[in-house]
Every structure is written in C-alpha cells, then in structure tokens.
Amino acid sequence: MISDTDIHHLHRCIELAEMALDEGDQPFGSLLVSGEGEVLFEDHNRISSGDRTRHPEFAIARWAAKNMTPAERKSATVYTSGEHCPMCAAAHGWVGLGRIVYASSSEQLVEWLNMLGVEQSPVKNLPVQEVIRDAQVDGPVPELAEQVFELQRRYHGKQVQA
C-alpha cells in the first residue's frame, strides 16, 4: 500500500532525479528513511564521473552499512524514483535494508528506453523480488511514473515517436 507519506518521499526522489539530470547524469534519485520517519540520507545518480556503479541506491546501502545497526536497517525504507537495478538490489539485500518504494518500475524503464531507441544496458533489468529474497516492495505509482518518464526522455534528448 502506498501512503501519503510514501508519495511525499517519492516526490523528493523525483526532485533528486531532476538534480541528477541538471548535472548531466541519468535521472535517478533515492532517499533512506528510518523506521521512525526521519530522512537519514539522500542522493542522486552520479555516473557521469565515469563510474557506472555510482547509483543512489548503492550509495544508500553503503551509508547504511556504515552508520546503522542491523535492526535499524531492517526497519528503514528506501524510496527511489526508479526500481533498483540488480546491482543495487543485491547491495540492498546484503546490507539488510527493509522496504523499497519506487515511483517507476524496471519494466517501465525498459519499455521507455525501447520507445526512445536507447541501446540496452549490459545488465538485465530484473524486478527486485528476483534478486532479494522476501523483499517488501511497493510500486510503481502511475501518476509519478509519468514524471520519471519525462525525465528519461529529457536525458536521452528524444521525442516520443507518435
């Protein structure tokens, strides 16, 4: 179930994704919220550095491993503009983070990139549940996914073919 609080945090993820876009990066943004509702960490994609692993969800997992107890990690929620890629999902699972809430799914991203004529990633897009056992996942949120698509379209500099 997606709550009003979830929607609020997802809006911030989309703002972070737009910040990434403004800095020349692929538009993805994510944040980590404690079990008590405090925003602990937020980041956006930083792959324009040349390091294609600089995804915000991966940064969240590393930060959480260093700064939170296992119990705190398990009760936390990761919010993200786009569903975790397999690399980020694995990091999330290994660190033992809790719930994931995303605005747009990996399946949607693949469809959008195909529509935009963008070359496929060398890494398969998989649902988080195929990477993390017993993952608690909520998303996508249709009205927010449209905003994420628009950021992807802008990043790739393409118009949708009618």
# chains A, B, ... in the order shown; residues from 1 in each chain; ligands from 1
>>> closest_atom_pairs(of="range 80-144 of chain A", to="range 34-50 of chain A", cutoff="10 Å", atoms="only C-alpha atoms", output="tab-separated table")
residue	atom	partner	partner_atom	distance
A:Thr80	CA	A:His44	CA	9.4
A:Ser81	CA	A:His44	CA	9.6
A:Gly98	CA	A:Gly35	CA	9.2
>>> write_last_selection(atoms="C-alpha atoms", output="PDB file, in the first residue's frame")
ATOM      1  CA  THR A  80      13.532   5.767  -5.194  1.00  0.00           C
ATOM      2  CA  SER A  81      12.411   7.306  -8.451  1.00  0.00           C
ATOM      3  CA  GLY A  98      13.859  -3.019   4.721  1.00  0.00           C
TER       4      GLY A  98
END
>>> atom_distance(atom1="CA of Val95 in chain A", atom2="CA of Leu32 in chain A")
13.0 Å
>>> atom_distance(atom1="CA of Gln147 in chain A", atom2="CA of Ala59 in chain A")
23.2 Å
>>> atom_distance(atom1="CA of Tyr155 in chain A", atom2="CA of Gly24 in chain A")
7.9 Å
>>> select_by_dssp(residues="chain A", states="strand (DSSP E)", output="VMD selection string")
chain A and resid 29 to 33 39 to 44 77 to 82 99 to 104 137 to 138
>>> residues_around(residues="Glu72 in chain A", least_positions_apart="2", cutoff="9 Å", atoms="only C-alpha atoms", output="ChimeraX atom specification")
/A:34-35,64,68-70,74-76,97-98
>>> write_last_selection(atoms="N, CA and C atoms", output="PDB file, in the first residue's frame")
ATOM      1  N   SER A  34      14.370   6.378   8.163  1.00  0.00           N
ATOM      2  CA  SER A  34      14.418   5.482   9.321  1.00  0.00           C
ATOM      3  C   SER A  34      13.031   4.933   9.647  1.00  0.00           C
ATOM      4  N   GLY A  35      13.001   3.920  10.472  1.00  0.00           N
ATOM      5  CA  GLY A  35      11.744   3.364  10.942  1.00  0.00           C
ATOM      6  C   GLY A  35      10.897   4.372  11.694  1.00  0.00           C
ATOM      7  N   ALA A  64      24.265   3.035   4.892  1.00  0.00           N
ATOM      8  CA  ALA A  64      23.523   2.316   5.932  1.00  0.00           C
ATOM      9  C   ALA A  64      24.408   1.281   6.628  1.00  0.00           C
ATOM     10  N   MET A  68      24.339   2.422  10.473  1.00  0.00           N
ATOM     11  CA  MET A  68      23.129   1.909  11.123  1.00  0.00           C
ATOM     12  C   MET A  68      23.356   0.494  11.644  1.00  0.00           C
ATOM     13  N   THR A  69      22.647   0.151  12.694  1.00  0.00           N
ATOM     14  CA  THR A  69      22.676  -1.225  13.195  1.00  0.00           C
ATOM     15  C   THR A  69      21.837  -2.105  12.259  1.00  0.00           C
ATOM     16  N   PRO A  70      22.013  -3.409  12.319  1.00  0.00           N
ATOM     17  CA  PRO A  70      21.168  -4.285  11.501  1.00  0.00           C
ATOM     18  C   PRO A  70      19.671  -4.083  11.758  1.00  0.00           C
ATOM     19  N   LYS A  74      16.903  -2.846   8.960  1.00  0.00           N
ATOM     20  CA  LYS A  74      15.722  -3.658   8.643  1.00  0.00           C
ATOM     21  C   LYS A  74      14.431  -2.858   8.743  1.00  0.00           C
ATOM     22  N   SER A  75      14.364  -1.901   9.656  1.00  0.00           N
ATOM     23  CA  SER A  75      13.136  -1.106   9.830  1.00  0.00           C
ATOM     24  C   SER A  75      13.081   0.120   8.919  1.00  0.00           C
ATOM     25  N   ALA A  76      14.152   0.386   8.181  1.00  0.00           N
ATOM     26  CA  ALA A  76      14.215   1.559   7.300  1.00  0.00           C
ATOM     27  C   ALA A  76      13.521   1.276   5.969  1.00  0.00           C
ATOM     28  N   LEU A  97      18.600  -3.946   4.322  1.00  0.00           N
ATOM     29  CA  LEU A  97      17.641  -2.851   4.403  1.00  0.00           C
ATOM     30  C   LEU A  97      16.224  -3.385   4.262  1.00  0.00           C
ATOM     31  N   GLY A  98      15.261  -2.612   4.734  1.00  0.00           N
ATOM     32  CA  GLY A  98      13.859  -3.019   4.721  1.00  0.00           C
ATOM     33  C   GLY A  98      13.151  -2.710   3.413  1.00  0.00           C
TER      34      GLY A  98
END
>>> residues_around(residues="Gln108 in chain A", least_positions_apart="3", cutoff="12 Å", atoms="only C-alpha atoms", output="list of chain:residue names")
A:Ser81, A:Gly82, A:Glu83, A:Tyr102, A:Ala103, A:Ser104, A:Ser105, A:Glu111, A:Trp112, A:Leu113, A:Asn114, A:Met115, A:Asn125, A:Leu126, A:Pro127, A:Gly139, A:Pro140, A:Val141, A:Pro142, A:Ala145, A:Glu146, A:Val148, A:Phe149, A:Gln152
>>> write_last_selection(atoms="N, CA, C and O atoms", output="short mmCIF file (atom, residue, chain, number, x, y, z; two decimals), in the first residue's frame")
data_model
loop_
_atom_site.label_atom_id
_atom_site.label_comp_id
_atom_site.auth_asym_id
_atom_site.auth_seq_id
_atom_site.Cartn_x
_atom_site.Cartn_y
_atom_site.Cartn_z
N SER A 81 13.17 6.93 -7.27
CA SER A 81 12.41 7.31 -8.45
C SER A 81 12.23 6.12 -9.40
O SER A 81 11.22 6.04 -10.09
N GLY A 82 13.20 5.21 -9.43
CA GLY A 82 13.12 4.04 -10.28
C GLY A 82 13.52 2.80 -9.52
O GLY A 82 14.44 2.83 -8.69
N GLU A 83 12.85 1.70 -9.80
CA GLU A 83 13.14 0.43 -9.13
C GLU A 83 14.64 0.12 -9.22
O GLU A 83 15.28 0.37 -10.23
N TYR A 102 9.07 2.52 -4.91
CA TYR A 102 9.57 3.18 -6.12
C TYR A 102 8.43 3.79 -6.93
O TYR A 102 7.30 3.30 -6.93
N ALA A 103 8.77 4.88 -7.65
CA ALA A 103 7.79 5.57 -8.48
C ALA A 103 7.58 4.86 -9.81
O ALA A 103 6.47 4.79 -10.32
N SER A 104 8.68 4.34 -10.40
CA SER A 104 8.59 3.65 -11.68
C SER A 104 9.35 2.33 -11.60
O SER A 104 10.34 2.21 -10.89
N SER A 105 8.88 1.36 -12.39
CA SER A 105 9.46 0.02 -12.33
C SER A 105 10.56 -0.18 -13.37
O SER A 105 10.65 0.57 -14.36
N GLU A 111 10.69 -0.47 -21.25
CA GLU A 111 9.73 -0.06 -22.29
C GLU A 111 10.04 1.35 -22.78
O GLU A 111 10.03 1.61 -23.99
N TRP A 112 10.29 2.27 -21.85
CA TRP A 112 10.57 3.65 -22.23
C TRP A 112 11.83 3.75 -23.07
O TRP A 112 11.87 4.45 -24.08
N LEU A 113 12.89 3.08 -22.65
CA LEU A 113 14.16 3.16 -23.37
C LEU A 113 14.02 2.54 -24.76
O LEU A 113 14.59 3.07 -25.74
N ASN A 114 13.25 1.46 -24.87
CA ASN A 114 12.98 0.89 -26.19
C ASN A 114 12.22 1.88 -27.06
O ASN A 114 12.55 2.07 -28.23
N MET A 115 11.22 2.52 -26.49
CA MET A 115 10.42 3.51 -27.21
C MET A 115 11.30 4.68 -27.68
O MET A 115 11.09 5.23 -28.77
N ASN A 125 17.58 -5.92 -16.69
CA ASN A 125 16.68 -5.31 -15.72
C ASN A 125 15.81 -6.42 -15.14
O ASN A 125 15.14 -7.14 -15.89
N LEU A 126 15.85 -6.56 -13.83
CA LEU A 126 15.07 -7.59 -13.15
C LEU A 126 14.26 -6.94 -12.04
O LEU A 126 14.73 -5.99 -11.40
N PRO A 127 13.08 -7.45 -11.77
CA PRO A 127 12.35 -6.96 -10.60
C PRO A 127 13.15 -7.25 -9.32
O PRO A 127 13.84 -8.27 -9.23
N GLY A 139 5.24 -0.36 -5.50
CA GLY A 139 5.40 0.49 -6.67
C GLY A 139 5.02 -0.32 -7.89
O GLY A 139 4.78 -1.52 -7.79
N PRO A 140 4.91 0.30 -9.03
CA PRO A 140 5.08 1.72 -9.30
C PRO A 140 3.85 2.54 -8.93
O PRO A 140 2.80 1.99 -8.59
N VAL A 141 4.02 3.85 -9.00
CA VAL A 141 2.94 4.80 -8.76
C VAL A 141 2.66 5.50 -10.09
O VAL A 141 3.46 6.34 -10.52
N PRO A 142 1.58 5.13 -10.78
CA PRO A 142 1.35 5.60 -12.15
C PRO A 142 1.48 7.11 -12.36
O PRO A 142 2.13 7.54 -13.32
N ALA A 145 5.16 7.89 -12.16
CA ALA A 145 5.94 7.25 -13.20
C ALA A 145 5.97 8.11 -14.46
O ALA A 145 6.99 8.17 -15.15
N GLU A 146 4.90 8.80 -14.74
CA GLU A 146 4.87 9.68 -15.92
C GLU A 146 5.91 10.79 -15.79
O GLU A 146 6.55 11.17 -16.77
N VAL A 148 8.73 10.52 -14.12
CA VAL A 148 10.02 9.86 -14.29
C VAL A 148 10.28 9.63 -15.78
O VAL A 148 11.40 9.85 -16.26
N PHE A 149 9.26 9.22 -16.52
CA PHE A 149 9.42 9.04 -17.96
C PHE A 149 9.86 10.35 -18.62
O PHE A 149 10.75 10.36 -19.47
N GLN A 152 13.49 10.86 -18.13
CA GLN A 152 14.25 9.96 -19.00
C GLN A 152 14.27 10.48 -20.44
O GLN A 152 15.30 10.48 -21.11
#
>>> residues_around(residues="Trp94 in chain A", least_positions_apart="5", cutoff="9 Å", atoms="only C-alpha atoms", output="list of chain:residue names")
A:Ala61, A:Ala89, A:Ile132
>>> write_last_selection(atoms="all heavy atoms", output="PDB file, in the first residue's frame")
ATOM      1  N   ALA A  61      22.981   1.959   0.435  1.00  0.00           N
ATOM      2  CA  ALA A  61      23.367   0.687   1.074  1.00  0.00           C
ATOM      3  C   ALA A  61      24.710   0.831   1.787  1.00  0.00           C
ATOM      4  O   ALA A  61      24.869   0.371   2.927  1.00  0.00           O
ATOM      5  CB  ALA A  61      23.423  -0.433   0.033  1.00  0.00           C
ATOM      6  N   ALA A  89      19.887  -3.737  -5.980  1.00  0.00           N
ATOM      7  CA  ALA A  89      19.044  -4.659  -5.225  1.00  0.00           C
ATOM      8  C   ALA A  89      19.908  -5.612  -4.406  1.00  0.00           C
ATOM      9  O   ALA A  89      19.618  -5.878  -3.234  1.00  0.00           O
ATOM     10  CB  ALA A  89      18.124  -5.431  -6.169  1.00  0.00           C
ATOM     11  N   ILE A 132      16.288 -10.121  -4.407  1.00  0.00           N
ATOM     12  CA  ILE A 132      16.257 -10.180  -2.934  1.00  0.00           C
ATOM     13  C   ILE A 132      15.153 -11.132  -2.486  1.00  0.00           C
ATOM     14  O   ILE A 132      13.982 -10.956  -2.852  1.00  0.00           O
ATOM     15  CB  ILE A 132      15.979  -8.784  -2.319  1.00  0.00           C
ATOM     16  CG1 ILE A 132      16.982  -7.754  -2.790  1.00  0.00           C
ATOM     17  CG2 ILE A 132      15.972  -8.881  -0.791  1.00  0.00           C
ATOM     18  CD1 ILE A 132      16.632  -6.332  -2.356  1.00  0.00           C
TER      19      ILE A 132
END
>>> closest_residue(among="A:Ile14, A:Leu116, A:Leu151, A:Ile7", to="Gly29 in chain A", atoms="only C-alpha atoms")
A:Ile14
>>> closest_residue(among="A:Glu150, A:Glu143, A:Asp138, A:Asp25", to="Ile2 in chain A", atoms="only C-alpha atoms")
A:Asp138
>>> closest_residue(among="A:Met87, A:Val137, A:Leu16, A:Val123", to="Val101 in chain A", atoms="only C-alpha atoms")
A:Val137
>>> select_by_dssp(residues="range 30-149 of chain A", states="helix (DSSP H, G or I)", output="count of residues only")
52
>>> decode(residues="range 132-150 of chain A", atoms="N, CA and C atoms", output="PDB file, in the first residue's frame")
ATOM      1  N   ILE A 132      16.288 -10.121  -4.407  1.00  0.00           N
ATOM      2  CA  ILE A 132      16.257 -10.180  -2.934  1.00  0.00           C
ATOM      3  C   ILE A 132      15.153 -11.132  -2.486  1.00  0.00           C
ATOM      4  N   ARG A 133      15.520 -12.099  -1.679  1.00  0.00           N
ATOM      5  CA  ARG A 133      14.518 -13.000  -1.110  1.00  0.00           C
ATOM      6  C   ARG A 133      13.609 -12.226  -0.155  1.00  0.00           C
ATOM      7  N   ASP A 134      12.334 -12.493  -0.224  1.00  0.00           N
ATOM      8  CA  ASP A 134      11.347 -11.922   0.699  1.00  0.00           C
ATOM      9  C   ASP A 134      11.384 -10.395   0.739  1.00  0.00           C
ATOM     10  N   ALA A 135      11.657  -9.766  -0.393  1.00  0.00           N
ATOM     11  CA  ALA A 135      11.695  -8.298  -0.450  1.00  0.00           C
ATOM     12  C   ALA A 135      10.302  -7.733  -0.256  1.00  0.00           C
ATOM     13  N   GLN A 136      10.230  -6.656   0.521  1.00  0.00           N
ATOM     14  CA  GLN A 136       8.977  -5.927   0.681  1.00  0.00           C
ATOM     15  C   GLN A 136       9.063  -4.714  -0.244  1.00  0.00           C
ATOM     16  N   VAL A 137       8.272  -4.758  -1.328  1.00  0.00           N
ATOM     17  CA  VAL A 137       8.383  -3.762  -2.385  1.00  0.00           C
ATOM     18  C   VAL A 137       7.009  -3.206  -2.710  1.00  0.00           C
ATOM     19  N   ASP A 138       6.936  -1.886  -2.877  1.00  0.00           N
ATOM     20  CA  ASP A 138       5.710  -1.231  -3.311  1.00  0.00           C
ATOM     21  C   ASP A 138       6.024  -0.288  -4.461  1.00  0.00           C
ATOM     22  N   GLY A 139       5.243  -0.360  -5.503  1.00  0.00           N
ATOM     23  CA  GLY A 139       5.401   0.491  -6.669  1.00  0.00           C
ATOM     24  C   GLY A 139       5.017  -0.321  -7.887  1.00  0.00           C
ATOM     25  N   PRO A 140       4.912   0.295  -9.026  1.00  0.00           N
ATOM     26  CA  PRO A 140       5.083   1.716  -9.303  1.00  0.00           C
ATOM     27  C   PRO A 140       3.848   2.538  -8.928  1.00  0.00           C
ATOM     28  N   VAL A 141       4.017   3.854  -9.004  1.00  0.00           N
ATOM     29  CA  VAL A 141       2.936   4.804  -8.756  1.00  0.00           C
ATOM     30  C   VAL A 141       2.660   5.500 -10.094  1.00  0.00           C
ATOM     31  N   PRO A 142       1.576   5.131 -10.781  1.00  0.00           N
ATOM     32  CA  PRO A 142       1.353   5.601 -12.153  1.00  0.00           C
ATOM     33  C   PRO A 142       1.483   7.114 -12.363  1.00  0.00           C
ATOM     34  N   GLU A 143       0.906   7.907 -11.485  1.00  0.00           N
ATOM     35  CA  GLU A 143       0.960   9.362 -11.698  1.00  0.00           C
ATOM     36  C   GLU A 143       2.378   9.919 -11.541  1.00  0.00           C
ATOM     37  N   LEU A 144       3.217   9.262 -10.764  1.00  0.00           N
ATOM     38  CA  LEU A 144       4.606   9.692 -10.614  1.00  0.00           C
ATOM     39  C   LEU A 144       5.499   9.084 -11.697  1.00  0.00           C
ATOM     40  N   ALA A 145       5.161   7.891 -12.156  1.00  0.00           N
ATOM     41  CA  ALA A 145       5.941   7.245 -13.205  1.00  0.00           C
ATOM     42  C   ALA A 145       5.971   8.109 -14.461  1.00  0.00           C
ATOM     43  N   GLU A 146       4.900   8.797 -14.743  1.00  0.00           N
ATOM     44  CA  GLU A 146       4.868   9.683 -15.916  1.00  0.00           C
ATOM     45  C   GLU A 146       5.914  10.790 -15.785  1.00  0.00           C
ATOM     46  N   GLN A 147       6.101  11.308 -14.581  1.00  0.00           N
ATOM     47  CA  GLN A 147       7.124  12.336 -14.357  1.00  0.00           C
ATOM     48  C   GLN A 147       8.521  11.751 -14.561  1.00  0.00           C
ATOM     49  N   VAL A 148       8.729  10.524 -14.123  1.00  0.00           N
ATOM     50  CA  VAL A 148      10.016   9.864 -14.291  1.00  0.00           C
ATOM     51  C   VAL A 148      10.283   9.634 -15.779  1.00  0.00           C
ATOM     52  N   PHE A 149       9.258   9.224 -16.521  1.00  0.00           N
ATOM     53  CA  PHE A 149       9.420   9.041 -17.965  1.00  0.00           C
ATOM     54  C   PHE A 149       9.857  10.350 -18.619  1.00  0.00           C
ATOM     55  N   GLU A 150       9.245  11.445 -18.249  1.00  0.00           N
ATOM     56  CA  GLU A 150       9.605  12.734 -18.843  1.00  0.00           C
ATOM     57  C   GLU A 150      11.075  13.066 -18.565  1.00  0.00           C
TER      58      GLU A 150
END
